>>> print(open('input.txt').read())   # compact mmCIF, C-alpha atoms
# COMPACT_ATOMS: atom_id res chain seq x y z
CA MET A 1 0.00 0.00 0.00
CA ASN A 2 2.85 2.38 0.84
CA ALA A 3 4.54 1.70 -2.51
CA LEU A 4 1.29 2.21 -4.41
CA SER A 5 0.57 5.47 -2.55
CA ALA A 6 4.07 6.72 -3.28
CA GLN A 7 3.67 6.05 -7.00
CA LEU A 8 0.28 7.77 -7.02
CA LEU A 9 1.87 10.81 -5.37
CA VAL A 10 4.66 10.84 -7.98
CA GLY A 11 2.00 10.52 -10.67
CA LEU A 12 0.03 13.46 -9.24
CA ILE A 13 3.16 15.61 -9.11
CA ASN A 14 4.05 14.76 -12.72
CA GLY A 15 0.41 15.35 -13.62
CA SER A 16 0.63 18.83 -12.08
CA PHE A 17 3.49 19.74 -14.41
CA TYR A 18 1.76 18.08 -17.37
CA ALA A 19 -1.42 20.06 -16.64
CA LEU A 20 0.31 23.44 -16.28
CA LEU A 21 2.46 22.97 -19.37
CA SER A 22 -0.32 21.54 -21.54
CA LEU A 23 -2.62 24.34 -20.34
CA GLY A 24 -0.13 26.92 -21.61
CA LEU A 25 0.12 25.06 -24.92
CA ALA A 26 -3.67 24.84 -25.18
CA VAL A 27 -4.05 28.57 -24.52
CA ILE A 28 -1.49 29.45 -27.19
CA PHE A 29 -2.86 27.02 -29.77
CA GLY A 30 -6.53 27.60 -28.98
CA MET A 31 -6.24 31.38 -29.03
CA LEU A 32 -3.41 31.95 -31.56
CA ASN A 33 -3.23 28.74 -33.63
CA ILE A 34 0.51 28.44 -32.94
CA ILE A 35 2.07 25.06 -32.11
CA ASN A 36 4.60 26.32 -29.58
CA PHE A 37 7.46 23.81 -29.58
CA ALA A 38 9.58 26.28 -27.58
CA HIS A 39 7.35 25.63 -24.56
CA GLY A 40 9.81 23.24 -22.94
CA ALA A 41 12.68 25.72 -23.29
CA LEU A 42 10.53 28.47 -21.76
CA TYR A 43 9.66 26.12 -18.88
CA MET A 44 13.40 25.70 -18.35
CA MET A 45 13.87 29.47 -18.45
CA GLY A 46 11.33 29.82 -15.64
CA ALA A 47 13.41 27.50 -13.45
CA PHE A 48 16.62 29.38 -14.31
CA ALA A 49 14.91 32.73 -13.62
CA ALA A 50 14.05 31.51 -10.11
CA TYR A 51 17.64 30.27 -9.69
CA PHE A 52 19.11 33.64 -10.75
CA LEU A 53 16.70 35.54 -8.52
CA LEU A 54 17.81 33.51 -5.51
CA ASN A 55 21.56 33.25 -6.14
CA VAL A 56 22.26 36.58 -7.82
CA MET A 57 19.70 38.97 -6.35
CA GLY A 58 18.86 37.19 -3.09
CA ILE A 59 15.14 37.02 -3.94
CA GLY A 60 13.56 33.86 -2.55
CA TYR A 61 11.00 31.33 -3.73
CA TRP A 62 7.77 33.18 -2.95
CA PRO A 63 8.50 36.36 -4.96
CA ALA A 64 9.96 34.14 -7.71
CA LEU A 65 6.53 32.54 -8.20
CA ILE A 66 5.43 35.93 -9.58
CA LEU A 67 8.62 37.52 -10.88
CA ALA A 68 9.93 34.54 -12.91
CA PRO A 69 6.68 33.96 -14.90
CA VAL A 70 6.39 37.72 -15.53
CA ALA A 71 10.00 37.97 -16.76
CA VAL A 72 9.72 34.93 -19.03
CA GLY A 73 6.25 36.04 -20.16
CA ILE A 74 7.73 39.39 -21.27
CA PHE A 75 10.44 37.49 -23.15
CA GLY A 76 7.71 35.44 -24.82
CA MET A 77 5.80 38.58 -25.81
CA ILE A 78 8.96 39.95 -27.42
CA LEU A 79 9.26 36.71 -29.41
CA GLU A 80 5.63 37.00 -30.50
CA ARG A 81 6.03 40.64 -31.59
CA THR A 82 9.30 40.15 -33.45
CA MET A 83 8.82 36.70 -35.01
CA LEU A 84 5.62 34.78 -34.44
CA GLN A 85 3.16 37.48 -35.55
CA TRP A 86 4.56 37.29 -39.09
CA ILE A 87 3.65 33.60 -39.48
CA ALA A 88 0.30 33.68 -37.66
CA SER A 89 -1.68 33.45 -40.90
CA MET A 90 0.52 30.72 -42.39
CA ASP A 91 0.28 26.95 -42.08
CA HIS A 92 0.84 25.50 -38.59
CA LEU A 93 4.02 23.83 -39.81
CA TYR A 94 5.80 27.20 -40.06
CA GLY A 95 5.08 28.00 -36.44
CA LEU A 96 6.19 24.55 -35.32
CA LEU A 97 9.49 24.80 -37.22
CA LEU A 98 10.19 28.33 -35.99
CA THR A 99 9.48 27.53 -32.32
CA PHE A 100 11.45 24.27 -32.60
CA GLY A 101 14.43 26.28 -33.84
CA LEU A 102 13.99 28.79 -31.01
CA ALA A 103 13.92 25.92 -28.50
CA LEU A 104 17.21 24.55 -29.82
CA ILE A 105 18.84 28.00 -29.67
CA ILE A 106 17.65 28.72 -26.11
CA GLN A 107 18.65 25.28 -24.83
CA GLY A 108 22.02 25.51 -26.61
CA VAL A 109 22.82 28.88 -25.05
CA PHE A 110 21.99 27.70 -21.53
CA GLN A 111 23.83 24.41 -22.03
CA ASN A 112 26.91 26.26 -23.26
CA TYR A 113 27.08 28.38 -20.11
CA PHE A 114 25.79 25.95 -17.46
CA GLY A 115 26.53 22.47 -18.82
CA SER A 116 24.13 19.55 -18.54
CA SER A 117 24.31 18.87 -14.80
CA GLY A 118 21.57 20.07 -12.48
CA LEU A 119 21.86 23.12 -10.23
CA PRO A 120 20.28 22.79 -6.76
CA TYR A 121 17.38 25.00 -5.70
CA ALA A 122 16.39 24.81 -2.04
CA ILE A 123 12.85 24.12 -0.87
CA PRO A 124 11.52 27.17 1.04
CA ASP A 125 11.59 26.75 4.82
CA LEU A 126 7.81 27.00 5.11
CA LEU A 127 7.34 23.95 2.88
CA LYS A 128 10.07 21.68 4.24
CA GLY A 129 9.31 18.42 6.03
CA GLY A 130 6.31 16.20 5.62
CA MET A 131 3.14 14.77 7.14
CA ASN A 132 2.44 11.19 8.15
CA LEU A 133 -0.96 10.26 6.70
CA GLY A 134 -0.89 6.77 8.15
CA PHE A 135 -0.73 4.94 4.84
CA MET A 136 2.09 7.14 3.45
CA PHE A 137 4.49 9.99 4.24
CA LEU A 138 3.53 13.12 2.29
CA PRO A 139 6.31 15.69 1.66
CA ILE A 140 4.74 19.11 2.22
CA TYR A 141 6.35 20.69 -0.84
CA ARG A 142 5.00 18.03 -3.19
CA GLY A 143 1.52 18.40 -1.76
CA TRP A 144 1.82 22.16 -2.26
CA VAL A 145 2.78 21.68 -5.91
CA VAL A 146 -0.32 19.57 -6.60
CA VAL A 147 -2.74 21.95 -4.86
CA PHE A 148 -1.21 25.15 -6.25
CA SER A 149 -1.09 23.78 -9.81
CA LEU A 150 -4.76 22.78 -9.62
CA VAL A 151 -5.76 26.23 -8.36
CA VAL A 152 -3.79 27.99 -11.13
CA CYS A 153 -5.26 25.70 -13.81
CA LEU A 154 -8.85 26.28 -12.67
CA ALA A 155 -8.28 30.04 -12.35
CA THR A 156 -6.93 30.15 -15.92
CA TRP A 157 -9.90 28.16 -17.19
CA TYR A 158 -12.29 30.54 -15.44
CA LEU A 159 -10.49 33.59 -16.85
CA ILE A 160 -10.74 32.35 -20.43
CA GLU A 161 -14.12 30.64 -20.38
CA ARG A 162 -16.19 32.67 -17.90
CA THR A 163 -15.04 36.30 -18.00
CA ARG A 164 -15.54 39.20 -20.42
CA LEU A 165 -11.78 39.34 -21.04
CA GLY A 166 -11.80 35.69 -22.03
CA ALA A 167 -14.78 36.27 -24.32
CA ASN A 168 -12.90 39.11 -26.02
CA LEU A 169 -9.86 36.84 -26.43
CA ARG A 170 -11.90 34.10 -28.09
CA ALA A 171 -13.70 36.59 -30.30
CA ALA A 172 -10.40 38.20 -31.34
CA THR A 173 -9.09 34.87 -32.62
CA GLU A 174 -12.29 33.90 -34.43
CA ASN A 175 -13.22 37.24 -36.01
CA PRO A 176 -10.48 39.87 -35.49
CA THR A 177 -12.00 42.34 -37.98
CA LEU A 178 -15.28 42.53 -36.06
CA VAL A 179 -13.50 42.85 -32.71
CA ARG A 180 -11.38 45.74 -34.05
CA ALA A 181 -14.62 47.49 -34.97
CA PHE A 182 -15.47 47.63 -31.25
CA GLY A 183 -12.22 49.47 -30.54
CA ILE A 184 -10.29 46.50 -29.11
CA ASN A 185 -6.56 46.33 -29.87
CA VAL A 186 -6.37 42.79 -31.27
CA PRO A 187 -2.56 42.55 -31.79
CA ARG A 188 -1.96 43.63 -28.18
CA MET A 189 -4.49 41.08 -26.94
CA ILE A 190 -2.81 38.32 -28.95
CA THR A 191 0.60 39.30 -27.56
CA LEU A 192 -0.71 39.24 -23.97
CA THR A 193 -2.29 35.83 -24.59
CA TYR A 194 1.03 34.41 -25.76
CA GLY A 195 2.67 35.95 -22.70
CA LEU A 196 0.07 34.24 -20.48
CA GLY A 197 0.76 30.83 -22.04
CA VAL A 198 4.51 31.30 -21.71
CA GLY A 199 4.10 32.53 -18.13
CA LEU A 200 2.27 29.32 -17.21
CA ALA A 201 5.22 27.32 -18.55
CA ALA A 202 7.66 29.45 -16.52
CA LEU A 203 5.52 28.98 -13.40
CA ALA A 204 5.75 25.23 -13.85
CA GLY A 205 9.53 25.65 -14.09
CA VAL A 206 9.67 27.50 -10.76
CA LEU A 207 7.57 24.78 -9.09
CA SER A 208 9.80 22.10 -10.58
CA ALA A 209 13.15 23.63 -9.56
CA PRO A 210 13.28 22.30 -5.96
CA ILE A 211 12.18 18.80 -7.10
CA ASN A 212 14.04 18.19 -10.35
CA GLN A 213 16.89 20.72 -10.01
CA VAL A 214 17.61 23.33 -12.65
CA ARG A 215 18.99 21.92 -15.92
CA PRO A 216 19.21 23.30 -19.48
CA LEU A 217 17.53 20.18 -20.91
CA MET A 218 14.82 19.80 -18.27
CA GLY A 219 12.22 21.03 -20.75
CA ALA A 220 13.34 18.66 -23.51
CA ASP A 221 12.54 15.72 -21.22
CA LEU A 222 8.92 16.83 -20.81
CA ILE A 223 7.80 18.54 -24.00
CA ILE A 224 7.04 15.41 -26.03
CA VAL A 225 4.89 13.97 -23.23
CA VAL A 226 3.13 17.31 -22.82
CA PHE A 227 2.29 17.44 -26.52
CA ALA A 228 0.82 13.95 -26.19
CA VAL A 229 -1.31 15.21 -23.28
CA VAL A 230 -2.57 18.12 -25.38
CA VAL A 231 -3.43 15.81 -28.29
CA ILE A 232 -5.30 13.40 -26.02
CA GLY A 233 -7.24 16.19 -24.31
CA GLY A 234 -8.00 17.98 -27.57
CA MET A 235 -5.86 20.66 -29.24
CA GLY A 236 -6.89 24.02 -27.83
CA SER A 237 -9.21 22.57 -25.16
CA ILE A 238 -8.47 24.30 -21.84
CA MET A 239 -10.38 21.95 -19.53
CA GLY A 240 -9.31 18.93 -21.60
CA SER A 241 -5.65 19.77 -21.00
CA ILE A 242 -6.18 20.16 -17.25
CA ILE A 243 -8.10 16.92 -16.78
CA THR A 244 -5.88 14.91 -19.12
CA GLY A 245 -2.68 16.24 -17.54
CA PHE A 246 -3.60 15.12 -14.03
CA ALA A 247 -5.22 11.88 -15.23
CA LEU A 248 -2.24 10.80 -17.31
CA GLY A 249 0.10 11.58 -14.44
CA ILE A 250 -1.90 9.16 -12.27
CA VAL A 251 -2.01 6.55 -15.05
CA GLU A 252 1.76 6.85 -15.42
CA GLY A 253 2.21 6.40 -11.67
CA LEU A 254 -0.02 3.31 -11.60
CA THR A 255 1.85 1.86 -14.56
CA LYS A 256 5.16 2.31 -12.72
CA TYR A 257 3.72 0.25 -9.86
CA PHE A 258 2.04 -2.56 -11.82
CA TYR A 259 4.20 -2.74 -14.96
CA PRO A 260 7.27 -0.44 -14.76
CA GLU A 261 8.57 -1.41 -18.21
CA ALA A 262 5.62 0.34 -19.87
CA SER A 263 5.68 3.54 -17.78
CA ASN A 264 7.62 5.53 -20.40
CA THR A 265 5.34 4.55 -23.28
CA VAL A 266 1.85 4.31 -21.75
CA VAL A 267 1.06 7.98 -22.54
CA PHE A 268 1.90 7.49 -26.23
CA VAL A 269 -0.06 4.25 -26.43
CA LEU A 270 -3.08 6.10 -25.05
CA MET A 271 -2.50 8.92 -27.55
CA VAL A 272 -2.55 6.47 -30.47
CA LEU A 273 -5.74 4.82 -29.19
CA VAL A 274 -7.50 8.17 -28.72
CA LEU A 275 -6.48 9.37 -32.18
CA LEU A 276 -7.81 6.16 -33.72
CA VAL A 277 -11.17 6.50 -31.95
CA LYS A 278 -11.56 10.30 -31.78
CA PRO A 279 -8.99 12.29 -33.78
CA SER A 280 -10.10 15.60 -32.26
CA GLY A 281 -9.19 14.42 -28.75
CA LEU A 282 -11.34 13.56 -25.75
CA THR A 283 -12.82 17.05 -25.33
CA GLY A 284 -11.81 18.68 -28.62
CA ARG A 285 -14.22 19.72 -31.32
CA ALA A 286 -13.99 18.40 -34.85
CA ALA A 287 -12.73 20.91 -37.38
>>> encode(input="input.txt", output="structure tokens")
Amino acid sequence: MNALSAQLLVGLINGSFYALLSLGLAVIFGMLNIINFAHGALYMMGAFAAYFLLNVMGIGYWPALILAPVAVGIFGMILERTMLQWIASMDHLYGLLLTFGLALIIQGVFQNYFGSSGLPYAIPDLLKGGMNLGFMFLPIYRGWVVVFSLVVCLATWYLIERTRLGANLRAATENPTLVRAFGINVPRMITLTYGLGVGLAALAGVLSAPINQVRPLMGADLIIVVFAVVVIGGMGSIMGSIITGFALGIVEGLTKYFYPEASNTVVFVLMVLVLLVKPSGLTGRAA
């Protein structure tokens, strides 16, 4: 029972990162129609931003939860203004190739300066230690990651699906000419949306830093799985990405307990099965 509970906890933690990263991808694709392959590199930049804030400026974990996503989000908005806006009307392949190239450049620069080994990032004092639940020992920081990720995911869903700002965002992507007629600055809204998606990736990087350490290739290890999560949930589906991210994390944890050899491939097997049955994803809409 203890081993099973431990694997479920690991699955939930992985699911938290899957959900946050796939949510950012879903926001960017659903709102902007850009397949953002640089997402993993921007996730890594969020972790490095937290590391620099702590070791260079002496700014701890709690301010980094805000400052790192904002800094990386601004970097993402600069990318959107200088590069991505020019290919927005082109085929999705152009965006994928451009962001894939950006990911390689960003990862290469960080790897050149910091190598491939991980840099330690301390757990904040308030979240150190753990709780004995009887059937398992729960590290407080890992429990915090799961709860905080869920809150952020649901808040993002509410912002996009249930507020006037979210309605304007969706309208701007579906009929930008009409939205401009109401005096709304569509290019600025698109840039802010990309910054939001990138900021979610950076936030996941900050949360991951104390668990997985800070490494230039930490995003490369996750991005393929996260794309599989987005495909299974439905490209552009906000709630689909959240539910699928957490669910696949749990499935992966259970697989590690019952059949460890398949734990690295179970997500892709599920992706193939879903695409065969419902190509638009579990919650996606057919084109």
>>> closest_atom_pairs(input="input.txt", of="region 36-129 of chain A", to="region 194-202 of chain A", cutoff="6 Å", atoms="all atoms listed in the file", output="JSON lines")
{"residue": "A:Tyr43", "atom": "CA", "partner": "A:Ala202", "partner_atom": "CA", "distance": 4.5}
{"residue": "A:Gly46", "atom": "CA", "partner": "A:Ala202", "partner_atom": "CA", "distance": 3.8}
{"residue": "A:Pro69", "atom": "CA", "partner": "A:Gly199", "partner_atom": "CA", "distance": 4.4}
{"residue": "A:Gly73", "atom": "CA", "partner": "A:Gly195", "partner_atom": "CA", "distance": 4.4}
{"residue": "A:Gly76", "atom": "CA", "partner": "A:Gly195", "partner_atom": "CA", "distance": 5.5}
{"residue": "A:Met77", "atom": "CA", "partner": "A:Gly195", "partner_atom": "CA", "distance": 5.1}
>>> residues_around(input="input.txt", residues="Ala122 (chain A)", least_positions_apart="6", cutoff="12 Å", atoms="all atoms listed in the file", output="list in words")
Ala50, Tyr51, Leu54, Asn55, Gly60, Tyr61, Lys128, Tyr141, Val206, Leu207, Ser208, Ala209, Pro210, Ile211, Asn212, Gln213 and Val214 of chain A
>>> atom_distance(input="input.txt", atom1="CA of Tyr259 (chain A)", atom2="CA of Leu20 (chain A)")
26.5 Å
>>> closest_atom_pairs(input="input.txt", of="region 67-160 of chain A", to="region 173-192 of chain A", cutoff="10 Å", atoms="all atoms listed in the file", output="JSON lines")
{"residue": "A:Gly73", "atom": "CA", "partner": "A:Leu192", "partner_atom": "CA", "distance": 8.6}
{"residue": "A:Ile74", "atom": "CA", "partner": "A:Leu192", "partner_atom": "CA", "distance": 8.9}
{"residue": "A:Gly76", "atom": "CA", "partner": "A:Thr191", "partner_atom": "CA", "distance": 8.5}
{"residue": "A:Met77", "atom": "CA", "partner": "A:Thr191", "partner_atom": "CA", "distance": 5.5}
{"residue": "A:Ile78", "atom": "CA", "partner": "A:Thr191", "partner_atom": "CA", "distance": 8.4}
{"residue": "A:Leu79", "atom": "CA", "partner": "A:Thr191", "partner_atom": "CA", "distance": 9.2}
{"residue": "A:Glu80", "atom": "CA", "partner": "A:Thr191", "partner_atom": "CA", "distance": 6.3}
{"residue": "A:Arg81", "atom": "CA", "partner": "A:Thr191", "partner_atom": "CA", "distance": 6.9}
{"residue": "A:Leu84", "atom": "CA", "partner": "A:Thr191", "partner_atom": "CA", "distance": 9.6}
{"residue": "A:Gln85", "atom": "CA", "partner": "A:Pro187", "partner_atom": "CA", "distance": 8.5}
>>> closest_atom_pairs(input="input.txt", of="region 238-267 of chain A", to="region 3-17 of chain A", cutoff="10 Å", atoms="only C-alpha atoms", output="JSON lines")
{"residue": "A:Ile242", "atom": "CA", "partner": "A:Ser16", "partner_atom": "CA", "distance": 8.7}
{"residue": "A:Ile243", "atom": "CA", "partner": "A:Gly15", "partner_atom": "CA", "distance": 9.2}
{"residue": "A:Thr244", "atom": "CA", "partner": "A:Gly15", "partner_atom": "CA", "distance": 8.4}
{"residue": "A:Gly245", "atom": "CA", "partner": "A:Gly15", "partner_atom": "CA", "distance": 5.1}
{"residue": "A:Phe246", "atom": "CA", "partner": "A:Gly15", "partner_atom": "CA", "distance": 4.0}
{"residue": "A:Ala247", "atom": "CA", "partner": "A:Gly15", "partner_atom": "CA", "distance": 6.8}
{"residue": "A:Leu248", "atom": "CA", "partner": "A:Gly15", "partner_atom": "CA", "distance": 6.4}
{"residue": "A:Gly249", "atom": "CA", "partner": "A:Gly15", "partner_atom": "CA", "distance": 3.9}
{"residue": "A:Ile250", "atom": "CA", "partner": "A:Gly11", "partner_atom": "CA", "distance": 4.4}
{"residue": "A:Val251", "atom": "CA", "partner": "A:Gly11", "partner_atom": "CA", "distance": 7.1}
{"residue": "A:Glu252", "atom": "CA", "partner": "A:Gly11", "partner_atom": "CA", "distance": 6.0}
{"residue": "A:Gly253", "atom": "CA", "partner": "A:Gly11", "partner_atom": "CA", "distance": 4.2}
{"residue": "A:Leu254", "atom": "CA", "partner": "A:Leu8", "partner_atom": "CA", "distance": 6.4}
{"residue": "A:Thr255", "atom": "CA", "partner": "A:Gln7", "partner_atom": "CA", "distance": 8.8}
{"residue": "A:Lys256", "atom": "CA", "partner": "A:Gln7", "partner_atom": "CA", "distance": 7.0}
{"residue": "A:Tyr257", "atom": "CA", "partner": "A:Leu4", "partner_atom": "CA", "distance": 6.3}
{"residue": "A:Phe258", "atom": "CA", "partner": "A:Leu4", "partner_atom": "CA", "distance": 8.8}
>>> closest_residue(input="input.txt", among="A:Ile28, A:Leu282, A:Ala41, A:Leu275", to="Leu104 (chain A)", atoms="only C-alpha atoms")
A:Ala41
>>> build_atoms(input="input.txt", residues="region 144-158 of chain A", atoms="N, CA and C atoms", output="short mmCIF file (atom, residue, chain, number, x, y, z; two decimals), in the frame of the given file")
data_model
loop_
_atom_site.label_atom_id
_atom_site.label_comp_id
_atom_site.auth_asym_id
_atom_site.auth_seq_id
_atom_site.Cartn_x
_atom_site.Cartn_y
_atom_site.Cartn_z
N TRP A 144 2.03 20.77 -1.85
CA TRP A 144 1.82 22.16 -2.26
C TRP A 144 1.81 22.29 -3.78
N VAL A 145 2.71 21.60 -4.45
CA VAL A 145 2.78 21.68 -5.91
C VAL A 145 1.47 21.21 -6.54
N VAL A 146 0.93 20.11 -6.05
CA VAL A 146 -0.32 19.57 -6.60
C VAL A 146 -1.47 20.55 -6.40
N VAL A 147 -1.62 21.05 -5.17
CA VAL A 147 -2.74 21.95 -4.86
C VAL A 147 -2.61 23.27 -5.61
N PHE A 148 -1.42 23.86 -5.60
CA PHE A 148 -1.21 25.15 -6.25
C PHE A 148 -1.41 25.05 -7.76
N SER A 149 -0.93 23.97 -8.36
CA SER A 149 -1.09 23.78 -9.81
C SER A 149 -2.57 23.67 -10.16
N LEU A 150 -3.33 22.93 -9.35
CA LEU A 150 -4.76 22.78 -9.62
C LEU A 150 -5.48 24.12 -9.53
N VAL A 151 -5.13 24.92 -8.53
CA VAL A 151 -5.76 26.23 -8.36
C VAL A 151 -5.45 27.13 -9.55
N VAL A 152 -4.19 27.14 -9.98
CA VAL A 152 -3.79 27.99 -11.13
C VAL A 152 -4.51 27.53 -12.40
N CYS A 153 -4.60 26.23 -12.61
CA CYS A 153 -5.26 25.70 -13.81
C CYS A 153 -6.73 26.10 -13.84
N LEU A 154 -7.43 25.94 -12.71
CA LEU A 154 -8.85 26.28 -12.67
C LEU A 154 -9.06 27.78 -12.80
N ALA A 155 -8.17 28.58 -12.22
CA ALA A 155 -8.28 30.04 -12.35
C ALA A 155 -8.09 30.47 -13.80
N THR A 156 -7.16 29.83 -14.51
CA THR A 156 -6.93 30.15 -15.92
C THR A 156 -8.14 29.77 -16.76
N TRP A 157 -8.69 28.59 -16.48
CA TRP A 157 -9.90 28.16 -17.19
C TRP A 157 -11.03 29.16 -16.98
N TYR A 158 -11.21 29.59 -15.75
CA TYR A 158 -12.29 30.54 -15.44
C TYR A 158 -12.07 31.86 -16.16
#
